[in-house]
>>> print(open('model33.txt').read())   # compact mmCIF, C-alpha atoms
# COMPACT_ATOMS: atom_id res chain seq x y z
CA MET A 30 -9.74 32.37 39.17
CA SER A 31 -13.35 32.23 38.05
CA ARG A 32 -12.64 34.44 35.06
CA GLU A 33 -9.93 32.00 34.00
CA ALA A 34 -12.33 29.08 34.32
CA GLU A 35 -14.89 30.89 32.16
CA GLU A 36 -12.33 31.61 29.48
CA LEU A 37 -11.02 28.07 29.52
CA ASN A 38 -14.57 26.70 29.25
CA ARG A 39 -15.31 29.02 26.34
CA HIS A 40 -12.15 27.88 24.53
CA LEU A 41 -12.96 24.24 25.17
CA LEU A 42 -16.51 24.77 23.89
CA ARG A 43 -15.10 26.28 20.71
CA ALA A 44 -12.95 23.17 20.24
CA ARG A 45 -15.95 20.93 20.95
CA ASP A 46 -17.99 22.87 18.38
CA ALA A 47 -15.17 22.32 15.88
CA MET A 48 -15.48 18.56 16.43
CA ASP A 49 -19.25 18.76 15.98
CA ARG A 50 -18.77 20.62 12.70
CA ALA A 51 -15.92 18.59 11.25
CA TYR A 52 -16.78 15.14 12.61
CA ALA A 53 -16.83 13.65 9.10
CA GLU A 54 -13.26 14.70 8.39
CA PRO A 55 -10.11 13.02 9.63
CA LEU A 56 -9.43 14.91 12.84
CA ASP A 57 -6.40 14.81 15.02
CA VAL A 58 -6.42 15.90 18.60
CA ARG A 59 -3.60 18.35 18.07
CA ALA A 60 -5.65 20.34 15.55
CA VAL A 61 -8.67 20.36 17.84
CA ALA A 62 -6.55 21.40 20.83
CA ALA A 63 -5.18 24.25 18.70
CA VAL A 64 -8.73 25.62 18.39
CA ALA A 65 -8.77 25.92 22.18
CA HIS A 66 -5.30 27.49 22.14
CA ILE A 67 -3.92 24.92 24.55
CA SER A 68 -1.45 22.06 24.42
CA GLU A 69 -2.62 18.59 23.50
CA ALA A 70 -2.07 17.03 26.94
CA HIS A 71 -3.66 19.95 28.79
CA PHE A 72 -6.57 19.89 26.32
CA ILE A 73 -7.37 16.23 26.91
CA ARG A 74 -7.18 16.65 30.68
CA THR A 75 -9.24 19.83 30.93
CA PHE A 76 -11.80 18.73 28.34
CA ARG A 77 -12.41 15.66 30.39
CA SER A 78 -12.82 17.56 33.62
CA VAL A 79 -15.17 20.15 32.04
CA PHE A 80 -17.29 17.87 29.81
CA GLY A 81 -16.98 14.58 31.66
CA GLU A 82 -15.37 12.54 28.89
CA THR A 83 -12.29 12.60 26.70
CA PRO A 84 -12.34 14.53 23.41
CA HIS A 85 -11.94 11.19 21.65
CA ARG A 86 -15.04 9.76 23.27
CA TYR A 87 -16.99 12.95 22.55
CA LEU A 88 -16.07 12.71 18.87
CA GLN A 89 -16.99 9.02 18.80
CA ARG A 90 -20.44 9.76 20.23
CA ARG A 91 -20.89 12.53 17.68
CA ARG A 92 -19.98 10.19 14.83
CA VAL A 93 -22.15 7.39 16.19
CA GLU A 94 -25.10 9.77 16.57
CA ARG A 95 -24.74 10.88 12.96
CA SER A 96 -24.50 7.25 11.85
CA MET A 97 -27.68 6.47 13.81
CA PHE A 98 -29.38 9.32 11.96
CA LEU A 99 -28.29 7.93 8.58
CA LEU A 100 -29.29 4.40 9.58
CA ARG A 101 -32.77 5.65 10.51
CA GLU A 102 -33.31 8.06 7.63
CA THR A 103 -31.53 6.60 4.61
CA ASP A 104 -30.97 3.36 2.72
CA ARG A 105 -27.22 3.89 2.46
CA SER A 106 -25.09 0.86 3.13
CA ILE A 107 -23.48 0.49 6.52
CA THR A 108 -20.05 0.71 4.93
CA ASP A 109 -20.94 4.00 3.24
CA ILE A 110 -22.36 5.38 6.48
CA CYS A 111 -19.25 4.35 8.37
CA PHE A 112 -17.06 6.45 6.06
CA ASP A 113 -19.64 9.26 5.80
CA VAL A 114 -19.42 9.96 9.51
CA GLY A 115 -15.63 9.90 9.69
CA PHE A 116 -14.65 6.37 10.67
CA MET A 117 -11.71 4.99 8.72
CA SER A 118 -12.55 1.31 9.03
CA LEU A 119 -15.71 -0.74 9.24
CA GLY A 120 -14.21 -2.75 12.09
CA THR A 121 -13.63 0.31 14.27
CA PHE A 122 -17.08 1.66 13.42
CA SER A 123 -18.89 -1.56 14.29
CA ARG A 124 -16.93 -2.06 17.49
CA THR A 125 -17.39 1.56 18.62
CA PHE A 126 -21.09 1.53 17.71
CA HIS A 127 -21.67 -1.63 19.68
CA GLU A 128 -19.63 -0.37 22.62
CA ILE A 129 -21.66 2.83 22.86
CA ILE A 130 -25.14 1.69 21.80
CA GLY A 131 -25.10 -1.91 22.94
CA GLU A 132 -26.25 -3.31 19.61
CA THR A 133 -24.93 -3.57 16.06
CA PRO A 134 -25.63 -0.96 13.36
CA THR A 135 -27.74 -3.55 11.52
CA SER A 136 -29.96 -4.35 14.46
CA TYR A 137 -30.28 -0.63 15.29
CA ARG A 138 -31.45 0.04 11.74
CA GLU A 139 -34.01 -2.77 11.92
CA GLY A 140 -35.44 -1.43 15.16
CA HIS A 141 -35.68 2.27 14.31
CA GLY A 142 -37.41 4.28 11.61
CA PRO A 143 -37.29 7.98 10.72
CA MET A 144 -37.88 10.40 13.57
CA VAL A 145 -40.16 13.42 13.48
CA ALA A 146 -38.09 16.25 14.95
CA PRO A 147 -35.94 18.99 13.44
CA ASN A 148 -32.41 17.90 12.70
CA CYS A 149 -30.88 20.17 15.35
CA ILE A 150 -33.07 18.58 18.01
CA GLN A 151 -32.15 15.10 16.81
CA MET A 152 -28.48 16.01 16.88
CA TRP A 153 -28.44 16.70 20.57
CA ALA A 154 -31.37 14.70 21.87
CA MET A 155 -30.45 11.47 20.14
CA ARG A 156 -26.77 11.59 20.96
CA PRO A 157 -25.95 8.43 22.88
CA ARG A 158 -25.30 9.00 26.53
CA VAL A 159 -21.85 8.75 27.96
CA ALA A 160 -20.85 5.17 28.62
CA VAL A 161 -24.20 3.52 28.06
CA GLY A 162 -22.41 0.52 26.64
CA SER A 163 -19.10 -0.69 27.96
CA ALA A 164 -17.77 1.97 30.27
CA ALA A 165 -14.16 0.86 29.96
CA ALA A 166 -12.59 2.54 26.94
CA ALA A 167 -11.33 5.52 28.92
CA SER A 168 -8.00 4.99 30.63
CA SER A 169 -5.81 4.51 27.57
CA GLU A 170 -7.52 7.38 25.74
CA THR A 171 -6.21 10.02 28.06
CA GLU A 172 -2.73 9.29 26.80
CA SER A 173 -3.81 8.79 23.22
CA SER A 174 -2.22 11.28 20.90
CA SER A 175 -4.77 10.93 18.12
CA PHE A 176 -8.43 10.23 17.67
CA GLY A 177 -7.73 6.69 16.54
CA GLU A 178 -9.49 6.89 13.22
CA ALA A 179 -7.44 9.78 11.87
CA ARG A 180 -4.71 8.77 9.45
CA VAL A 181 -4.33 12.06 7.64
CA PRO A 182 -3.34 15.24 9.45
CA ALA A 183 -6.36 17.48 9.52
CA ALA A 184 -6.40 20.96 8.04
CA PRO A 185 -6.52 23.78 10.59
CA LEU A 186 -9.98 24.13 12.04
CA GLY A 187 -11.90 27.36 12.22
CA MET B 25 -56.16 31.40 29.60
CA LEU B 26 -52.68 32.42 28.55
CA THR B 27 -52.61 34.50 25.40
CA ARG B 28 -48.97 34.71 24.38
CA LEU B 29 -45.34 34.41 25.45
CA ASN B 30 -44.06 37.83 26.38
CA VAL B 31 -40.54 37.58 27.82
CA ALA B 32 -37.99 34.78 27.83
CA SER B 33 -34.64 35.18 29.57
CA ILE B 34 -31.16 34.04 28.76
CA TYR B 35 -28.03 34.44 30.85
CA VAL B 36 -25.12 36.40 29.47
CA LEU B 37 -21.75 37.23 31.00
CA ASP B 38 -21.87 40.94 30.23
CA LYS B 39 -24.87 43.06 29.27
CA ASP B 40 -22.94 45.63 27.22
CA GLU B 41 -21.22 42.96 25.19
CA ALA B 42 -24.53 41.11 24.82
CA LEU B 43 -26.23 44.26 23.57
CA ASP B 44 -23.52 44.80 20.99
CA PHE B 45 -23.75 41.22 19.75
CA TYR B 46 -27.52 40.79 19.71
CA VAL B 47 -28.22 44.21 18.17
CA ASN B 48 -25.21 45.18 16.06
CA LYS B 49 -24.24 41.71 14.87
CA LEU B 50 -27.30 39.47 15.01
CA GLY B 51 -29.64 42.30 14.01
CA LEU B 52 -32.19 42.40 16.83
CA GLU B 53 -33.44 45.71 18.23
CA VAL B 54 -33.45 46.99 21.78
CA GLY B 55 -36.75 46.48 23.57
CA SER B 56 -36.15 47.97 26.99
CA ASP B 57 -33.01 49.35 28.54
CA PHE B 58 -33.69 50.87 31.95
CA THR B 59 -31.42 51.04 34.93
CA GLN B 60 -32.89 51.18 38.41
CA GLY B 61 -30.29 51.30 41.14
CA GLU B 62 -27.83 48.56 40.27
CA TYR B 63 -30.27 46.61 38.14
CA ARG B 64 -30.45 47.06 34.39
CA TRP B 65 -33.58 45.72 32.67
CA LEU B 66 -32.34 44.97 29.19
CA THR B 67 -34.37 43.24 26.51
CA VAL B 68 -33.94 42.70 22.78
CA ARG B 69 -36.43 41.54 20.18
CA VAL B 70 -36.87 40.83 16.50
CA PRO B 71 -37.27 44.21 14.74
CA GLY B 72 -40.93 45.11 14.31
CA LYS B 73 -42.08 42.22 16.52
CA PRO B 74 -42.67 43.75 19.95
CA ASP B 75 -44.69 40.81 21.25
CA VAL B 76 -41.80 38.65 22.37
CA GLU B 77 -38.78 40.05 24.16
CA ILE B 78 -35.60 38.34 25.19
CA SER B 79 -34.34 39.50 28.54
CA LEU B 80 -30.56 39.47 28.87
CA GLU B 81 -29.72 38.60 32.44
CA GLN B 82 -26.35 38.57 34.12
CA PRO B 83 -25.76 36.10 36.95
CA GLY B 84 -25.01 37.85 40.22
CA PRO B 85 -26.55 39.65 43.16
CA PRO B 86 -29.26 40.25 44.20
CA LEU B 87 -30.59 37.15 42.42
CA HIS B 88 -27.57 34.95 43.06
CA ASP B 89 -24.89 34.75 45.68
CA GLU B 90 -21.38 34.92 44.29
CA ALA B 91 -20.77 31.16 44.37
CA THR B 92 -24.00 30.50 42.44
CA ALA B 93 -23.19 33.24 39.95
CA GLU B 94 -19.77 31.71 39.40
CA GLN B 95 -21.30 28.30 38.72
CA LEU B 96 -23.74 29.84 36.25
CA ARG B 97 -21.00 31.73 34.45
CA GLU B 98 -18.98 28.55 34.03
CA LEU B 99 -22.05 26.73 32.71
CA ILE B 100 -22.77 29.50 30.21
CA ALA B 101 -19.18 29.40 28.99
CA LYS B 102 -19.27 25.67 28.37
CA GLY B 103 -22.52 25.92 26.44
CA ALA B 104 -24.54 23.98 29.00
CA LEU B 105 -27.47 26.40 29.26
CA SER B 106 -30.39 26.83 26.89
CA GLY B 107 -30.41 28.80 23.68
CA LEU B 108 -32.58 30.63 21.17
CA VAL B 109 -34.20 29.68 17.86
CA PHE B 110 -35.11 32.31 15.26
CA HIS B 111 -36.77 32.28 11.88
CA THR B 112 -35.44 34.19 8.89
CA ASP B 113 -36.68 34.75 5.34
CA ASP B 114 -33.21 34.42 3.76
CA ILE B 115 -30.74 32.34 5.69
CA ARG B 116 -27.87 32.44 3.23
CA ALA B 117 -27.97 36.24 3.03
CA LEU B 118 -28.04 36.35 6.83
CA TYR B 119 -25.09 33.96 7.01
CA GLU B 120 -23.08 36.29 4.76
CA THR B 121 -24.15 39.38 6.69
CA LEU B 122 -23.09 37.83 9.97
CA GLN B 123 -19.71 36.94 8.53
CA GLU B 124 -19.29 40.48 7.22
CA ARG B 125 -20.04 41.73 10.73
CA GLY B 126 -17.24 39.61 12.12
CA VAL B 127 -19.19 36.67 13.51
CA THR B 128 -16.97 33.59 13.41
CA ASP B 129 -18.51 31.29 15.98
CA PHE B 130 -20.71 29.23 13.69
CA THR B 131 -21.61 25.78 14.97
CA GLN B 132 -23.13 24.89 11.62
CA GLU B 133 -23.20 26.58 8.26
CA PRO B 134 -26.58 26.58 6.45
CA ILE B 135 -27.74 23.03 5.71
CA ASP B 136 -30.88 22.04 3.79
CA HIS B 137 -33.48 19.75 5.35
CA PHE B 138 -36.90 18.73 4.06
CA TYR B 139 -38.50 21.34 6.35
CA GLY B 140 -36.14 24.17 5.53
CA THR B 141 -32.56 25.38 5.89
CA ASP B 142 -30.94 25.97 9.24
CA MET B 143 -27.65 27.09 10.71
CA GLY B 144 -26.14 27.41 14.15
CA LEU B 145 -23.90 29.86 15.94
CA ARG B 146 -22.97 30.90 19.44
CA ASP B 147 -23.18 34.24 21.15
CA PRO B 148 -19.90 35.58 22.58
CA PHE B 149 -20.54 33.79 25.88
CA GLY B 150 -21.36 30.28 24.65
CA ASN B 151 -25.16 30.32 24.31
CA ALA B 152 -26.45 28.42 21.31
CA ILE B 153 -28.45 30.23 18.64
CA ARG B 154 -30.16 28.47 15.78
CA VAL B 155 -31.76 30.08 12.77
CA LEU B 156 -34.23 28.46 10.40
CA GLU B 157 -35.58 29.49 7.05
CA ARG B 158 -38.71 27.43 6.74
CA LYS B 159 -39.55 25.92 3.43
CA THR B 160 -42.68 27.52 2.03
CA ALA B 161 -45.65 25.31 1.24
CA ALA B 162 -45.13 25.84 -2.49
CA ALA B 163 -41.46 24.93 -2.37
CA ALA B 164 -42.12 21.95 -0.14
CA THR B 165 -44.47 20.35 -2.64
CA ALA B 166 -42.33 21.23 -5.65
>>> encode(input="model33.txt", output="structure tokens")
Amino acid sequence: MSREAEELNRHLLRARDAMDRAYAEPLDVRAVAAVAHISEAHFIRTFRSVFGETPHRYLQRRRVERSMFLLRETDRSITDICFDVGFMSLGTFSRTFHEIIGETPTSYREGHGPMVAPNCIQMWAMRPRVAVGSAAAASSETESSSFGEARVPAAPLG
Amino acid sequence: MLTRLNVASIYVLDKDEALDFYVNKLGLEVGSDFTQGEYRWLTVRVPGKPDVEISLEQPGPPLHDEATAEQLRELIAKGALSGLVFHTDDIRALYETLQERGVTDFTQEPIDHFYGTDMGLRDPFGNAIRVLERKTAAAATA
């Protein structure tokens, strides 16, 4: 039983890594589940029980973290940043950002400058915590068959 | 006064498999490999740098009861434990070498930053490894 749990965790981690790598691309949950070699429904359920949030929410936090980085470190427009990190619409980006961070991208940018830490440290240390903003969001996501933003089927992920 | 770091430990799921990965794939060398009774003291290190060794530890008795070991193994496999950071003098060559040796679990291909170029991968068990080629002073001011 334990051996199975280890193998499942390792597969799920590989799928989570794939999201971390390809966050800027249109991703669909089926392609990510395929990385873990499990069905879409099983993937969403087990991912949530192992990592404490849905794959969709994980990907959103990844994208929001990368947008926070670009807001702090660059002068790029908020619209450009929104598309750079994989959101397909400014509306979804702004809503998701506010939901997770509790403020708008503009006010976040005004309040935060560049950070002195290697990028890999920033990537994990600055990732917004689970459900800091509105905690709702979850129930419908478990049945969601896509990652919301994705409109184009993603290429197979490594 | 402390003078240097000597040994740091990471948890692996299997010492033989860890040895194969860390030595034959990642390119470290064996530091110590002694077996006393049921315990195997196994360390690896950067070739030619004997000062700092990485001890590869497997969860289980006598250090852990079976339930604790099981929890640790599940945490390793979901990437929840700590990892390692190395320096290299040529990260893109290393990236190619690792691929040639069959490493596929990259978490990040080499990316340039103002302080250097880094990449990420995982060992076979889920531990994170990062590698950095630091920008030299000359290149940084160029």
>>> interface_residues(input="model33.txt", of="chain B", to="chain A", cutoff="10 Å", atoms="only C-alpha atoms", output="JSON, numbers by chain")
{"B": [37, 91, 94, 95, 96, 97, 98, 99, 100, 101, 102, 103, 104, 128, 129, 130, 131, 132, 133, 135, 136, 137, 138, 139, 140, 142, 143, 144, 145, 146, 148, 149, 150, 154]}
>>> atom_distance(input="model33.txt", atom1="atom CA of B:Thr59", atom2="atom CA of B:Phe45")
19.6 Å
>>> atom_distance(input="model33.txt", atom1="atom CA of A:Ser96", atom2="atom CA of B:Gly107")
25.3 Å
>>> atom_distance(input="model33.txt", atom1="atom CA of B:Gln82", atom2="atom CA of B:Ala42")
9.8 Å
>>> closest_residue(input="model33.txt", among="B:Glu157, B:Glu77, B:Glu53, B:Glu41", to="B:Arg28", atoms="only C-alpha atoms")
B:Glu77
>>> residues_near_point(input="model33.txt", point="(-39.2, 38.3, 17.0)", cutoff="12 Å", atoms="only C-alpha atoms", output="PyMOL selection string")
chain B and resi 29-32+51-55+67-78+108-112+155
>>> closest_residue(input="model33.txt", among="B:Asn151, B:Leu87, B:Tyr63, B:Lys49", to="B:Tyr119", atoms="all atoms listed in the file")
B:Lys49
>>> closest_residue(input="model33.txt", among="A:Glu139, A:Asp113, A:Glu69, A:Glu54", to="A:Pro84", atoms="only C-alpha atoms")
A:Glu69
>>> axis_aligned_box(input="model33.txt", around="stretch 51-66 of chain A", padding_each_side="6 Å", output="lines of an AutoDock Vina configuration file")
center_x = -10.2
center_y = 20.3
center_z = 15.3
size_x = 25.2
size_y = 26.5
size_z = 25.8
>>> residues_around(input="model33.txt", residues="A:Phe98", least_positions_apart="2", cutoff="12 Å", atoms="only C-alpha atoms", output="VMD selection string")
chain A and resid 91 to 96 100 to 105 107 110 to 111 113 to 114 134 137 to 138 141 to 157
>>> write_last_selection(input="model33.txt", atoms="C-alpha atoms", output="compact mmCIF listing (two decimals), keeping the file's coordinate frame")
# COMPACT_ATOMS: atom_id res chain seq x y z
CA ARG A 91 -20.89 12.53 17.68
CA ARG A 92 -19.98 10.19 14.83
CA VAL A 93 -22.15 7.39 16.19
CA GLU A 94 -25.10 9.77 16.57
CA ARG A 95 -24.74 10.88 12.96
CA SER A 96 -24.50 7.25 11.85
CA LEU A 100 -29.29 4.40 9.58
CA ARG A 101 -32.77 5.65 10.51
CA GLU A 102 -33.31 8.06 7.63
CA THR A 103 -31.53 6.60 4.61
CA ASP A 104 -30.97 3.36 2.72
CA ARG A 105 -27.22 3.89 2.46
CA ILE A 107 -23.48 0.49 6.52
CA ILE A 110 -22.36 5.38 6.48
CA CYS A 111 -19.25 4.35 8.37
CA ASP A 113 -19.64 9.26 5.80
CA VAL A 114 -19.42 9.96 9.51
CA PRO A 134 -25.63 -0.96 13.36
CA TYR A 137 -30.28 -0.63 15.29
CA ARG A 138 -31.45 0.04 11.74
CA HIS A 141 -35.68 2.27 14.31
CA GLY A 142 -37.41 4.28 11.61
CA PRO A 143 -37.29 7.98 10.72
CA MET A 144 -37.88 10.40 13.57
CA VAL A 145 -40.16 13.42 13.48
CA ALA A 146 -38.09 16.25 14.95
CA PRO A 147 -35.94 18.99 13.44
CA ASN A 148 -32.41 17.90 12.70
CA CYS A 149 -30.88 20.17 15.35
CA ILE A 150 -33.07 18.58 18.01
CA GLN A 151 -32.15 15.10 16.81
CA MET A 152 -28.48 16.01 16.88
CA TRP A 153 -28.44 16.70 20.57
CA ALA A 154 -31.37 14.70 21.87
CA MET A 155 -30.45 11.47 20.14
CA ARG A 156 -26.77 11.59 20.96
CA PRO A 157 -25.95 8.43 22.88
